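The file input.txt comes next; it holds compact mmCIF, C-alpha atoms.
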# COMPACT_ATOMS: atom_id res chain seq x y z
CA MET A 243 -18.78 -20.42 -154.60
CA ALA A 244 -15.34 -20.68 -153.02
CA ARG A 245 -14.21 -23.12 -155.72
CA LEU A 246 -15.55 -20.84 -158.45
CA ARG A 247 -13.73 -17.83 -157.00
CA ALA A 248 -10.50 -19.83 -156.72
CA ALA A 249 -10.76 -21.02 -160.32
CA LEU A 250 -11.28 -17.48 -161.59
CA ASP A 251 -8.39 -16.17 -159.50
CA HIS A 252 -6.11 -18.96 -160.75
CA SER A 253 -7.03 -18.54 -164.43
CA PRO A 254 -8.63 -15.12 -164.92
CA PRO A 255 -10.61 -15.09 -168.18
CA ARG A 256 -10.29 -12.20 -170.56
CA PRO A 257 -12.62 -9.27 -169.93
CA GLY A 258 -15.84 -9.68 -171.87
CA THR A 259 -15.96 -13.47 -171.44
CA LEU A 260 -19.14 -15.56 -171.25
CA LEU A 261 -18.59 -18.23 -168.58
CA VAL A 262 -20.89 -21.27 -168.66
CA LEU A 263 -21.26 -23.46 -165.56
CA PRO A 264 -22.89 -26.93 -165.29
CA GLU A 265 -26.46 -27.68 -164.29
CA LEU A 266 -27.26 -27.12 -160.58
CA TRP A 267 -23.54 -26.50 -160.08
CA ALA A 268 -24.01 -25.13 -156.55
CA THR A 269 -26.12 -27.98 -155.13
CA GLY A 270 -26.52 -30.98 -157.40
CA PHE A 271 -29.77 -32.97 -157.52
CA VAL A 272 -30.24 -33.41 -153.76
CA TYR A 273 -34.01 -33.47 -154.12
CA PRO A 274 -35.13 -33.46 -150.45
CA GLN A 275 -32.93 -30.42 -149.74
CA LEU A 276 -33.72 -28.39 -152.88
CA ALA A 277 -36.63 -26.42 -151.37
CA GLU A 278 -34.43 -25.20 -148.53
CA LEU A 279 -31.38 -24.70 -150.74
CA GLY A 280 -33.50 -22.58 -153.06
CA ARG A 281 -33.64 -19.94 -150.32
CA GLN A 282 -29.91 -19.38 -150.90
CA THR A 283 -30.25 -18.67 -154.63
CA PRO A 284 -30.74 -14.88 -154.27
CA TRP A 285 -27.50 -14.73 -152.24
CA ILE A 286 -25.67 -16.85 -154.82
CA LEU A 287 -26.87 -14.54 -157.61
CA GLU A 288 -25.54 -11.54 -155.68
CA GLN A 289 -22.15 -13.25 -155.39
CA LEU A 290 -22.15 -14.08 -159.10
CA SER A 291 -22.91 -10.48 -160.00
CA GLU A 292 -20.00 -9.32 -157.86
CA LEU A 293 -17.70 -11.84 -159.57
CA ALA A 294 -19.01 -10.78 -162.97
CA ALA A 295 -18.30 -7.14 -162.17
CA LEU A 296 -14.82 -7.95 -160.82
CA HIS A 297 -13.78 -9.91 -163.91
CA ASN A 298 -16.04 -8.21 -166.48
CA LEU A 299 -17.93 -11.44 -167.23
CA VAL A 300 -21.36 -12.78 -168.00
CA ILE A 301 -21.87 -15.96 -165.93
CA ALA A 302 -24.48 -18.56 -166.90
CA GLY A 303 -25.46 -21.75 -165.07
CA THR A 304 -28.52 -23.29 -163.47
CA LEU A 305 -29.63 -22.95 -159.86
CA VAL A 306 -32.72 -23.92 -157.91
CA GLU A 307 -35.34 -21.20 -158.28
CA ARG A 308 -37.88 -21.13 -155.45
CA VAL A 309 -41.22 -19.41 -156.15
CA GLU A 310 -43.55 -19.00 -153.20
CA GLU A 311 -47.12 -20.12 -153.85
CA GLU A 312 -50.15 -20.18 -151.58
CA ARG A 313 -50.15 -23.95 -151.02
CA ARG A 314 -46.44 -24.81 -151.41
CA PRO A 315 -43.31 -23.38 -153.00
CA LEU A 316 -42.70 -24.24 -156.65
CA LEU A 317 -39.17 -25.20 -157.60
CA TYR A 318 -37.60 -24.68 -161.02
CA ASN A 319 -34.27 -25.72 -162.52
CA THR A 320 -33.41 -22.29 -163.91
CA LEU A 321 -30.58 -21.11 -166.14
CA PHE A 322 -29.55 -17.72 -164.75
CA PHE A 323 -27.42 -15.13 -166.58
CA SER A 324 -25.56 -12.73 -164.27
CA ASP A 325 -23.46 -9.72 -165.23
CA GLY A 326 -21.92 -6.83 -163.33
CA ASN A 327 -25.30 -5.11 -163.09
CA GLY A 328 -27.08 -8.05 -161.48
CA LEU A 329 -29.41 -10.60 -163.03
CA ALA A 330 -29.53 -10.21 -166.81
CA GLY A 331 -32.22 -12.84 -167.33
CA GLN A 332 -33.25 -16.44 -166.85
CA ILE A 333 -34.63 -19.44 -168.75
CA ARG A 334 -36.34 -22.29 -166.91
CA LYS A 335 -35.74 -25.92 -167.86
CA GLN A 336 -38.59 -27.03 -170.11
CA HIS A 337 -38.27 -30.82 -170.15
CA LEU A 338 -37.77 -32.54 -166.80
CA PHE A 339 -36.00 -35.90 -166.81
CA ALA A 340 -38.54 -38.36 -165.38
CA HIS A 341 -35.98 -41.20 -165.40
CA TRP A 342 -34.16 -39.35 -162.60
CA HIS A 343 -37.50 -38.36 -160.96
CA GLU A 344 -36.85 -34.70 -161.66
CA ASP A 345 -40.56 -34.15 -162.38
CA ASP A 346 -41.46 -35.39 -158.88
CA TRP A 347 -39.66 -32.42 -157.30
CA LEU A 348 -39.43 -29.65 -159.88
CA SER A 349 -41.87 -27.79 -162.15
CA PRO A 350 -41.32 -27.38 -165.90
CA GLY A 351 -40.79 -23.95 -167.37
CA ASP A 352 -42.53 -22.39 -170.34
CA SER A 353 -42.12 -19.63 -172.94
CA PRO A 354 -38.37 -19.89 -173.54
CA ARG A 355 -37.01 -16.55 -174.75
CA PRO A 356 -33.44 -15.41 -175.34
CA VAL A 357 -31.78 -13.28 -172.68
CA ASN A 358 -30.32 -9.92 -173.70
CA THR A 359 -26.63 -9.70 -172.74
CA PRO A 360 -23.59 -7.66 -173.82
CA PHE A 361 -23.01 -10.46 -176.36
CA GLY A 362 -26.48 -9.93 -177.82
CA PRO A 363 -29.48 -12.24 -177.29
CA ILE A 364 -28.46 -15.66 -175.94
CA GLY A 365 -30.68 -18.74 -175.90
CA GLY A 366 -30.50 -21.46 -173.27
CA LEU A 367 -31.06 -25.19 -172.90
CA VAL A 368 -30.81 -27.19 -169.69
CA CYS A 369 -29.48 -30.76 -170.00
CA TYR A 370 -32.44 -32.91 -171.18
CA ASP A 371 -33.73 -29.92 -173.21
CA LEU A 372 -30.88 -30.69 -175.61
CA ARG A 373 -32.87 -33.64 -176.99
CA PHE A 374 -35.71 -31.34 -178.13
CA PRO A 375 -34.58 -29.40 -181.21
CA GLU A 376 -37.63 -27.13 -181.29
CA LEU A 377 -36.43 -25.35 -178.12
CA ALA A 378 -33.16 -24.36 -179.76
CA ARG A 379 -34.90 -23.38 -182.97
CA VAL A 380 -37.58 -21.18 -181.41
CA GLN A 381 -34.93 -19.20 -179.51
CA SER A 382 -32.69 -18.91 -182.56
CA GLN A 383 -35.65 -17.60 -184.56
CA GLN A 384 -36.15 -14.98 -181.86
CA GLY A 385 -32.66 -13.68 -182.54
CA ALA A 386 -30.39 -15.70 -180.24
CA SER A 387 -26.84 -15.38 -181.53
CA LEU A 388 -25.50 -18.06 -179.17
CA LEU A 389 -26.94 -21.11 -177.46
CA VAL A 390 -25.82 -21.95 -173.93
CA VAL A 391 -26.27 -25.48 -172.57
CA SER A 392 -25.92 -26.12 -168.84
CA ALA A 393 -26.02 -29.85 -168.05
CA GLN A 394 -25.32 -32.88 -165.89
CA TRP A 395 -24.95 -35.34 -168.75
CA PRO A 396 -23.75 -38.86 -167.84
CA LEU A 397 -20.48 -40.31 -169.11
CA THR A 398 -22.29 -43.36 -170.51
CA ARG A 399 -24.06 -41.13 -173.07
CA ILE A 400 -21.25 -38.69 -173.83
CA ASP A 401 -21.23 -39.65 -177.54
CA GLN A 402 -24.87 -38.57 -177.76
CA TRP A 403 -23.99 -35.35 -175.92
CA ARG A 404 -21.39 -34.49 -178.55
CA THR A 405 -23.67 -35.42 -181.47
CA LEU A 406 -26.67 -33.48 -180.20
CA LEU A 407 -24.61 -30.38 -179.46
CA GLN A 408 -23.21 -30.45 -182.98
CA ALA A 409 -26.68 -31.00 -184.41
CA ARG A 410 -28.14 -27.98 -182.56
CA ALA A 411 -25.26 -25.85 -183.85
CA ILE A 412 -25.67 -27.02 -187.46
CA GLU A 413 -29.47 -26.81 -187.48
CA ASN A 414 -29.48 -23.24 -186.22
CA GLN A 415 -26.17 -22.02 -187.69
CA THR A 416 -25.16 -20.86 -184.24
CA PHE A 417 -22.36 -21.14 -181.72
CA VAL A 418 -23.09 -23.57 -178.88
CA ILE A 419 -21.32 -23.23 -175.53
CA ALA A 420 -21.98 -26.23 -173.31
CA GLY A 421 -20.92 -26.67 -169.68
CA ASN A 422 -21.29 -30.20 -168.29
CA GLY A 423 -20.77 -31.61 -164.81
CA CYS A 424 -18.09 -34.20 -164.09
CA GLY A 425 -17.36 -36.85 -161.49
CA ALA A 426 -19.77 -38.66 -159.17
CA SER A 427 -23.29 -37.22 -158.94
CA ASN A 428 -25.70 -37.27 -156.01
CA ASP A 429 -23.32 -39.08 -153.66
CA GLY A 430 -22.68 -41.75 -156.28
CA LYS A 431 -26.34 -42.83 -156.49
CA ASP A 432 -26.62 -41.67 -160.10
CA PRO A 433 -24.31 -42.35 -163.07
CA THR A 434 -20.92 -40.65 -163.25
CA LEU A 435 -21.12 -37.33 -165.07
CA GLY A 436 -19.27 -37.08 -168.35
CA GLY A 437 -17.53 -33.72 -168.41
CA HIS A 438 -16.50 -32.90 -172.00
CA SER A 439 -17.76 -29.33 -171.88
CA MET A 440 -17.30 -27.91 -175.35
CA ILE A 441 -17.61 -24.96 -177.69
CA ILE A 442 -18.97 -25.58 -181.20
CA ASP A 443 -19.14 -23.24 -184.18
CA PRO A 444 -22.12 -22.76 -186.54
CA SER A 445 -20.77 -25.37 -188.97
CA GLY A 446 -20.71 -28.02 -186.23
CA ALA A 447 -16.94 -27.98 -185.77
CA ILE A 448 -15.76 -28.47 -182.18
CA LEU A 449 -13.55 -25.50 -181.34
CA ALA A 450 -12.70 -26.58 -177.80
CA GLU A 451 -13.44 -29.65 -175.69
CA ALA A 452 -12.58 -30.35 -172.07
CA GLY A 453 -11.83 -33.77 -170.63
CA GLU A 454 -13.67 -35.86 -168.06
CA GLY A 455 -12.35 -33.91 -165.09
CA GLU A 456 -12.86 -30.40 -163.76
CA GLN A 457 -11.41 -27.90 -166.21
CA LEU A 458 -11.66 -24.29 -167.33
CA ARG A 459 -11.28 -23.70 -171.09
CA THR A 460 -11.53 -20.39 -172.93
CA ILE A 461 -11.57 -19.50 -176.61
CA SER A 462 -12.25 -16.44 -178.74
CA LEU A 463 -15.26 -16.70 -181.05
CA ASP A 464 -15.26 -15.43 -184.60
CA LEU A 465 -18.79 -14.02 -184.43
CA PRO A 466 -18.77 -12.42 -187.93
CA SER A 467 -18.33 -15.91 -189.46
CA GLN A 468 -21.84 -16.77 -188.32
CA GLN A 469 -23.33 -13.88 -190.29
CA LEU A 470 -21.32 -14.80 -193.38
CA LEU A 471 -22.64 -18.37 -193.19
CA ARG A 472 -26.23 -17.22 -192.82
CA GLU A 473 -25.87 -14.83 -195.76
CA LYS A 474 -25.09 -17.81 -198.02
CA PHE A 475 -28.20 -19.67 -196.83
CA SER A 476 -30.19 -19.37 -193.62
CA THR A 477 -31.86 -22.23 -191.78
CA VAL A 478 -33.32 -20.01 -189.05
CA ALA A 479 -35.07 -17.39 -191.20
CA PRO A 480 -37.73 -19.66 -192.81
CA ALA A 481 -40.79 -20.06 -190.60
CA HIS A 482 -43.35 -21.56 -192.98
CA TYR A 483 -46.55 -22.75 -191.28
CA ALA A 484 -46.92 -26.21 -192.78
CA PHE A 485 -50.12 -27.32 -191.02
CA ASP A 486 -53.83 -27.09 -191.75
CA ASP A 487 -55.56 -26.65 -188.39
CA LYS A 488 -58.77 -28.16 -189.77
CA ASP A 489 -57.00 -31.51 -189.61
CA LYS A 490 -57.31 -31.36 -185.82
CA ILE A 491 -61.10 -31.82 -186.11
CA VAL A 492 -61.55 -35.60 -186.07
CA SER A 493 -64.18 -38.27 -185.49
CA LEU A 494 -64.23 -40.26 -182.28
CA ALA A 495 -63.04 -43.38 -184.13
CA LYS A 496 -60.06 -41.54 -185.64
CA CYS A 497 -59.26 -39.90 -182.31
CA ALA A 498 -59.27 -43.30 -180.60
CA ARG A 499 -56.74 -44.61 -183.13
CA MET A 500 -54.58 -41.52 -182.58
CA MET A 501 -54.73 -42.01 -178.82
CA GLU A 502 -53.69 -45.65 -179.11
CA CYS A 503 -50.55 -44.65 -181.00
CA ARG A 504 -49.71 -41.81 -178.65
CA LYS A 505 -50.21 -43.89 -175.52
CA LYS A 506 -47.79 -46.48 -176.95
CA LEU A 507 -45.26 -43.66 -177.25
CA GLY A 508 -45.76 -42.92 -173.56
CA GLN A 509 -47.65 -39.68 -174.06
CA ARG A 510 -50.05 -38.48 -171.39
CA ILE A 511 -53.46 -37.69 -172.89
CA VAL A 512 -55.52 -34.83 -171.44
CA PHE A 513 -59.25 -34.44 -172.03
CA THR A 514 -61.64 -31.60 -171.38
CA ASN A 515 -64.98 -30.60 -172.86
CA GLY A 516 -67.35 -27.70 -173.29
CA CYS A 517 -69.61 -25.72 -175.62
CA PHE A 518 -67.09 -22.94 -176.37
CA ASP A 519 -69.89 -21.03 -178.10
CA ILE A 520 -68.17 -17.63 -178.12
CA LEU A 521 -64.49 -18.30 -177.48
CA HIS A 522 -63.06 -15.75 -175.02
CA ALA A 523 -59.91 -15.11 -172.96
CA GLY A 524 -61.16 -17.23 -170.07
CA HIS A 525 -61.54 -20.23 -172.37
CA VAL A 526 -58.10 -19.74 -173.87
CA GLU A 527 -56.35 -19.50 -170.48
CA TYR A 528 -58.24 -22.58 -169.28
CA LEU A 529 -57.30 -24.62 -172.35
CA GLN A 530 -53.68 -23.54 -172.16
CA GLU A 531 -53.47 -24.68 -168.54
CA ALA A 532 -55.24 -27.92 -169.45
CA ARG A 533 -52.64 -28.62 -172.16
CA ARG A 534 -49.86 -28.20 -169.60
CA GLN A 535 -51.21 -31.18 -167.66
CA GLY A 536 -49.89 -33.63 -170.26
CA ASP A 537 -48.65 -34.15 -173.80
CA PHE A 538 -51.78 -34.08 -175.98
CA LEU A 539 -55.04 -32.20 -175.38
CA VAL A 540 -58.33 -33.53 -176.74
CA VAL A 541 -61.32 -31.16 -176.53
CA GLY A 542 -64.76 -32.71 -176.59
CA LEU A 543 -67.10 -30.16 -178.21
CA ASN A 544 -70.88 -30.18 -177.72
CA SER A 545 -72.72 -30.33 -181.03
CA ASP A 546 -75.45 -27.80 -181.86
CA HIS A 547 -78.09 -30.40 -180.96
CA SER A 548 -76.40 -31.07 -177.61
CA ILE A 549 -76.21 -27.36 -176.74
CA ARG A 550 -79.88 -26.76 -177.62
CA SER A 551 -80.80 -29.69 -175.39
CA ILE A 552 -78.88 -28.16 -172.48
CA LYS A 553 -79.23 -24.40 -172.97
CA GLY A 554 -82.39 -23.97 -175.02
CA GLU A 555 -83.30 -23.09 -178.61
CA SER A 556 -81.52 -19.68 -178.55
CA ARG A 557 -78.11 -21.36 -178.36
CA PRO A 558 -75.58 -21.89 -179.77
CA ILE A 559 -74.69 -18.54 -181.28
CA ASN A 560 -72.05 -20.12 -183.53
CA GLN A 561 -72.53 -23.36 -185.44
CA GLU A 562 -70.59 -26.45 -184.41
CA LEU A 563 -68.14 -26.53 -187.32
CA GLN A 564 -67.33 -22.84 -186.83
CA ARG A 565 -66.72 -23.43 -183.12
CA ALA A 566 -64.58 -26.46 -183.88
CA ARG A 567 -62.54 -24.51 -186.45
CA VAL A 568 -61.76 -21.72 -183.96
CA LEU A 569 -60.74 -24.22 -181.27
CA ALA A 570 -58.53 -26.10 -183.74
CA ALA A 571 -56.61 -22.89 -184.48
CA LEU A 572 -55.38 -22.71 -180.87
CA GLY A 573 -51.83 -23.95 -180.47
CA CYS A 574 -52.64 -25.59 -177.13
CA VAL A 575 -55.41 -27.77 -178.64
CA ASP A 576 -54.29 -30.98 -180.37
CA ALA A 577 -57.62 -32.55 -181.35
CA VAL A 578 -61.31 -31.58 -181.39
CA VAL A 579 -64.08 -34.20 -181.29
CA LEU A 580 -67.78 -33.33 -181.59
CA PHE A 581 -70.38 -35.20 -179.52
CA SER A 582 -74.18 -35.02 -179.61
CA GLU A 583 -75.01 -36.47 -176.18
CA ASP A 584 -75.69 -34.23 -173.18
CA THR A 585 -72.44 -35.42 -171.56
CA PRO A 586 -69.06 -36.55 -172.93
CA LEU A 587 -69.11 -39.86 -171.02
CA ASN A 588 -68.93 -41.95 -174.20
CA LEU A 589 -65.90 -39.95 -175.40
CA ILE A 590 -64.17 -40.32 -172.06
CA THR A 591 -64.76 -44.06 -171.68
CA THR A 592 -63.66 -44.65 -175.29
CA LEU A 593 -60.48 -42.55 -175.11
CA LEU A 594 -59.67 -43.18 -171.42
CA PRO A 595 -57.36 -40.17 -171.00
CA GLN A 596 -54.77 -40.15 -168.24
CA VAL A 597 -55.88 -36.65 -167.16
CA LEU A 598 -59.46 -35.35 -167.06
CA VAL A 599 -59.68 -31.56 -166.71
CA LYS A 600 -62.66 -29.49 -165.59
CA GLY A 601 -63.19 -26.07 -164.04
CA ALA A 602 -62.60 -25.70 -160.30
CA ASP A 603 -66.25 -24.66 -159.88
CA TRP A 604 -67.15 -28.32 -160.46
CA PRO A 605 -66.87 -30.63 -157.41
CA GLU A 606 -65.04 -33.80 -158.41
CA GLU A 607 -68.00 -36.04 -157.58
CA ALA A 608 -70.10 -34.11 -160.15
CA ILE A 609 -67.56 -34.35 -162.98
CA VAL A 610 -68.71 -36.75 -165.69
CA GLY A 611 -66.10 -39.44 -166.30
CA ALA A 612 -64.09 -38.76 -163.16
CA ARG A 613 -64.76 -42.18 -161.66
CA GLU A 614 -63.95 -44.01 -164.89
CA VAL A 615 -60.69 -42.13 -165.44
CA LYS A 616 -59.51 -42.69 -161.87
CA GLU A 617 -60.42 -46.39 -161.97
CA ASN A 618 -58.18 -46.64 -165.04
CA GLY A 619 -55.24 -45.13 -163.13
CA GLY A 620 -55.73 -41.54 -164.33
CA LYS A 621 -56.39 -38.38 -162.38
CA VAL A 622 -58.80 -35.43 -162.32
CA VAL A 623 -57.49 -31.85 -162.37
CA ARG A 624 -59.77 -28.91 -161.51
CA ILE A 625 -58.53 -25.62 -162.98
CA VAL A 626 -59.40 -22.21 -161.57
CA PHE A 627 -60.61 -19.63 -164.09
CA THR A 628 -58.42 -16.54 -163.68
CA THR A 629 -60.32 -14.35 -166.17
CA GLU A 630 -63.85 -13.40 -165.16
CA THR A 631 -65.48 -13.62 -168.59
CA SER A 632 -68.44 -15.73 -169.66
CA THR A 633 -70.24 -16.43 -172.92
CA THR A 634 -73.57 -15.59 -171.28
CA GLY A 635 -72.16 -12.25 -170.12
CA ILE A 636 -70.86 -11.43 -173.61
CA ILE A 637 -74.23 -12.28 -175.17
CA GLY A 638 -76.01 -10.10 -172.60
CA LYS A 639 -73.67 -7.17 -173.27
CA ILE A 640 -74.26 -7.41 -177.04
CA ARG A 641 -78.04 -7.49 -176.54
CA ASN A 642 -77.94 -4.51 -174.20
CA GLN A 643 -75.96 -2.48 -176.72
CA ASN A 644 -78.54 -3.24 -179.40
Could you show the structure in this file as structure tokens?
Amino acid sequence: MARLRAALDHSPPRPGTLLVLPELWATGFVYPQLAELGRQTPWILEQLSELAALHNLVIAGTLVERVEEERRPLLYNTLFFSDGNGLAGQIRKQHLFAHWHEDDWLSPGDSPRPVNTPFGPIGGLVCYDLRFPELARVQSQQGASLLVVSAQWPLTRIDQWRTLLQARAIENQTFVIAGNGCGASNDGKDPTLGGHSMIIDPSGAILAEAGEGEQLRTISLDLPSQQLLREKFSTVAPAHYAFDDKDKIVSLAKCARMMECRKKLGQRIVFTNGCFDILHAGHVEYLQEARRQGDFLVVGLNSDHSIRSIKGESRPINQELQRARVLAALGCVDAVVLFSEDTPLNLITTLLPQVLVKGADWPEEAIVGAREVKENGGKVVRIVFTTETSTTGIIGKIRNQN
């Protein structure tokens, strides 16, 4: 904070400036200390707001966000936007860099949305997020007029840094303002950081670029030029839905081939199962949380024959293909496979997912496939239902009303 104050005093930016700082600029990636350092973040944000008010700035950069939970605090690498009125908004890092063990200490964010600032809506990416173009696009399509990137990008990959920043600008016809760390990182244990913070216009032209050392650069943006470019042709307006969700309904043999390819890519496969007779909010929340446990969610769906065997001749209410079609329309579901047995053991042993998900009301020793998944190096996750809704309850309510 003292160095930031000194830099602003030495080279005061013009009033109305957006100042972008590097990733975890106040602490660095000192993993064992992050939980304790996260307690200081509210104080740092207060100091940033005071600086923003003093110099009439909006200041963006990532800090450790500590969220108290019942079992343990959750830590996020969060891009905060501070202005003279306090905290304007925040965007959590979506993709954690496993190569640097970031996912061992921090939790990934979700639902990236632009932050409203005096400059208009601004989107945000944090370091590794830069490699995932859909994050920039979804925020641009929500109206982000600028993209801010806060990073600790290594010097050895600085050419990729420059290329990816230009690509995000060109793809979304937007200004990109990127602040990168420089010098030794984490007491020299990690690669040297590359510097080269830069400002890029919607055509991909680099308007300003710093060197490898600590530096403060400012430039005025020609914001109307962005609108003129988009009036000629717009790459952010089209949002055609190019998929047929029915394609997610696959046979076990096809699903096995899909899983083989995805595992070779290093994706983590998640499996869960159920009848999903009348899909309700509890199901949707459960499936969404299941999807967050990995990279690809397979849902094993009991066939009509299987449900009648378990629940009696009055069930299911909806036929299997109708149930499968509704499940396939959920964005969090990647594949649906029907099975006619009473349990999904054959599906599980064939697909061998890395993560097996079931409701928390099931003890692990009673979960079909748990032993097989764990023996293969996978894990079992039991998810708590947060919405008290059940298919049986819905059916009873309908019958009572009739």
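Proximity of A:Thr398, A:Ile636, A:Arg534, A:Gly385 to A:Pro350, computed with only C-alpha atoms, is greatest for A:Arg534.
Within 10 Å of A:Arg557, once all atoms listed in the file are used and residues closer than 3 positions along the same chain are dropped, the contacting residues are Cys517, Asp519, Asp546, His547, Ser548, Ile549, Arg550, Ser551, Ile552, Lys553, Gly554, Asn560 and Gln561 of chain A.
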Hey, could you make a per-residue contact list for stretch 443-489 of chain A against stretch 412-425 of chain A with 6 Å as the cut-off, showing the nearest pair of atoms and its distance in Å to one decimal, counting all atoms listed in the file, sorted by chain and number, as a Markdown table?
| residue | atom | partner | partner_atom | distance |
| --- | --- | --- | --- | --- |
| A:Asp443 | CA | A:Phe417 | CA | 4.6 |
| A:Pro444 | CA | A:Thr416 | CA | 4.3 |
| A:Ser445 | CA | A:Ile412 | CA | 5.4 |
| A:Gly446 | CA | A:Ile412 | CA | 5.2 |
| A:Gly455 | CA | A:Cys424 | CA | 5.8 |
| A:Val478 | CA | A:Asn414 | CA | 5.8 |
>> Would you pick out the contacts of A:Thr320 at 6 Å or less, using only C-alpha atoms, so that residues sharing its chain but fewer than 5 positions from it are not included, and give the list as number ranges by chain?
In response: A: 304-305, 333-335
> For the atom pair atom CA of A:Gly270 and atom CA of A:His341, what is the interatomic distance in Å to one decimal place?
Replying inline: 16.1 Å
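Rounded to one decimal, atom CA of A:Gly366 and atom CA of A:Gly280 lie 20.5 Å from each other.
Atom pair atom CA of A:Arg533 / atom CA of A:Val579: separated by 15.7 Å.
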>> Residues within 9 Å of A:Leu589, please, as number ranges by chain. Count only C-alpha atoms; anything in the same chain fewer than 4 positions from it doesn't count.
In response: A: 494, 542, 579, 581, 585, 593-594
> Which is closer to A:Leu263 than all the others in A:Ile364, A:Leu463, A:Val390, A:Leu563, using only C-alpha atoms?
Replying inline: A:Val390
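Closest approach to A:Pro354 among A:Val262, A:Phe339, A:Gly328, A:Gln381 is made by A:Gln381 (distances from only C-alpha atoms).
Of the listed residues A:Gly638, A:Gly620, A:Pro274, A:Pro254, the one whose atoms come nearest to A:Trp347 is A:Pro274, with distances taken using all atoms listed in the file.
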> Within 6 Å of (-21.2, -39.2, -165.8), only C-alpha atoms: residues as a list of chain:residue names?
Replying inline: A:Pro396, A:Leu397, A:Pro433, A:Thr434, A:Leu435, A:Gly436
>> If we count all atoms listed in the file and set the cut-off at 9 Å, which residues sit around stretch 523-527 of chain A, ignoring sequence neighbours fewer than 5 positions away in its own chain? Please answer as a VMD selection string.
In response: chain A and resid 518 532 572 574 627 to 632
Write out the residues from the selection above, keeping C-alpha atoms, as a CSV table (one decimal), in the frame of the given file.
chain,number,residue,atom,x,y,z
A,518,PHE,CA,-67.1,-22.9,-176.4
A,532,ALA,CA,-55.2,-27.9,-169.4
A,572,LEU,CA,-55.4,-22.7,-180.9
A,574,CYS,CA,-52.6,-25.6,-177.1
A,627,PHE,CA,-60.6,-19.6,-164.1
A,628,THR,CA,-58.4,-16.5,-163.7
A,629,THR,CA,-60.3,-14.4,-166.2
A,630,GLU,CA,-63.8,-13.4,-165.2
A,631,THR,CA,-65.5,-13.6,-168.6
A,632,SER,CA,-68.4,-15.7,-169.7
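When all atoms listed in the file are used to compute distances to A:Ile559, the closest of the residues A:Ala294, A:Val541, A:Ile520, A:Ala302 turns out to be A:Ile520.
Minimum atom-to-atom distance to A:Trp342, evaluated using all atoms listed in the file, belongs to A:Val272 out of A:Val272, A:Met243, A:Val391, A:Ile448.
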Distance query 9 Å from (-66.7, -36.3, -186.8) using all atoms listed in the file, result as a PDB file with C-alpha atoms, in the coordinates of the input:
ATOM      1  CA  ILE A 491     -61.100 -31.820-186.110  1.00  0.00           C
ATOM      2  CA  VAL A 492     -61.550 -35.600-186.070  1.00  0.00           C
ATOM      3  CA  SER A 493     -64.180 -38.270-185.490  1.00  0.00           C
ATOM      4  CA  LEU A 494     -64.230 -40.260-182.280  1.00  0.00           C
ATOM      5  CA  ALA A 495     -63.040 -43.380-184.130  1.00  0.00           C
ATOM      6  CA  LYS A 496     -60.060 -41.540-185.640  1.00  0.00           C
ATOM      7  CA  VAL A 578     -61.310 -31.580-181.390  1.00  0.00           C
ATOM      8  CA  VAL A 579     -64.080 -34.200-181.290  1.00  0.00           C
ATOM      9  CA  LEU A 580     -67.780 -33.330-181.590  1.00  0.00           C
ATOM     10  CA  PHE A 581     -70.380 -35.200-179.520  1.00  0.00           C
TER      11      PHE A 581
END
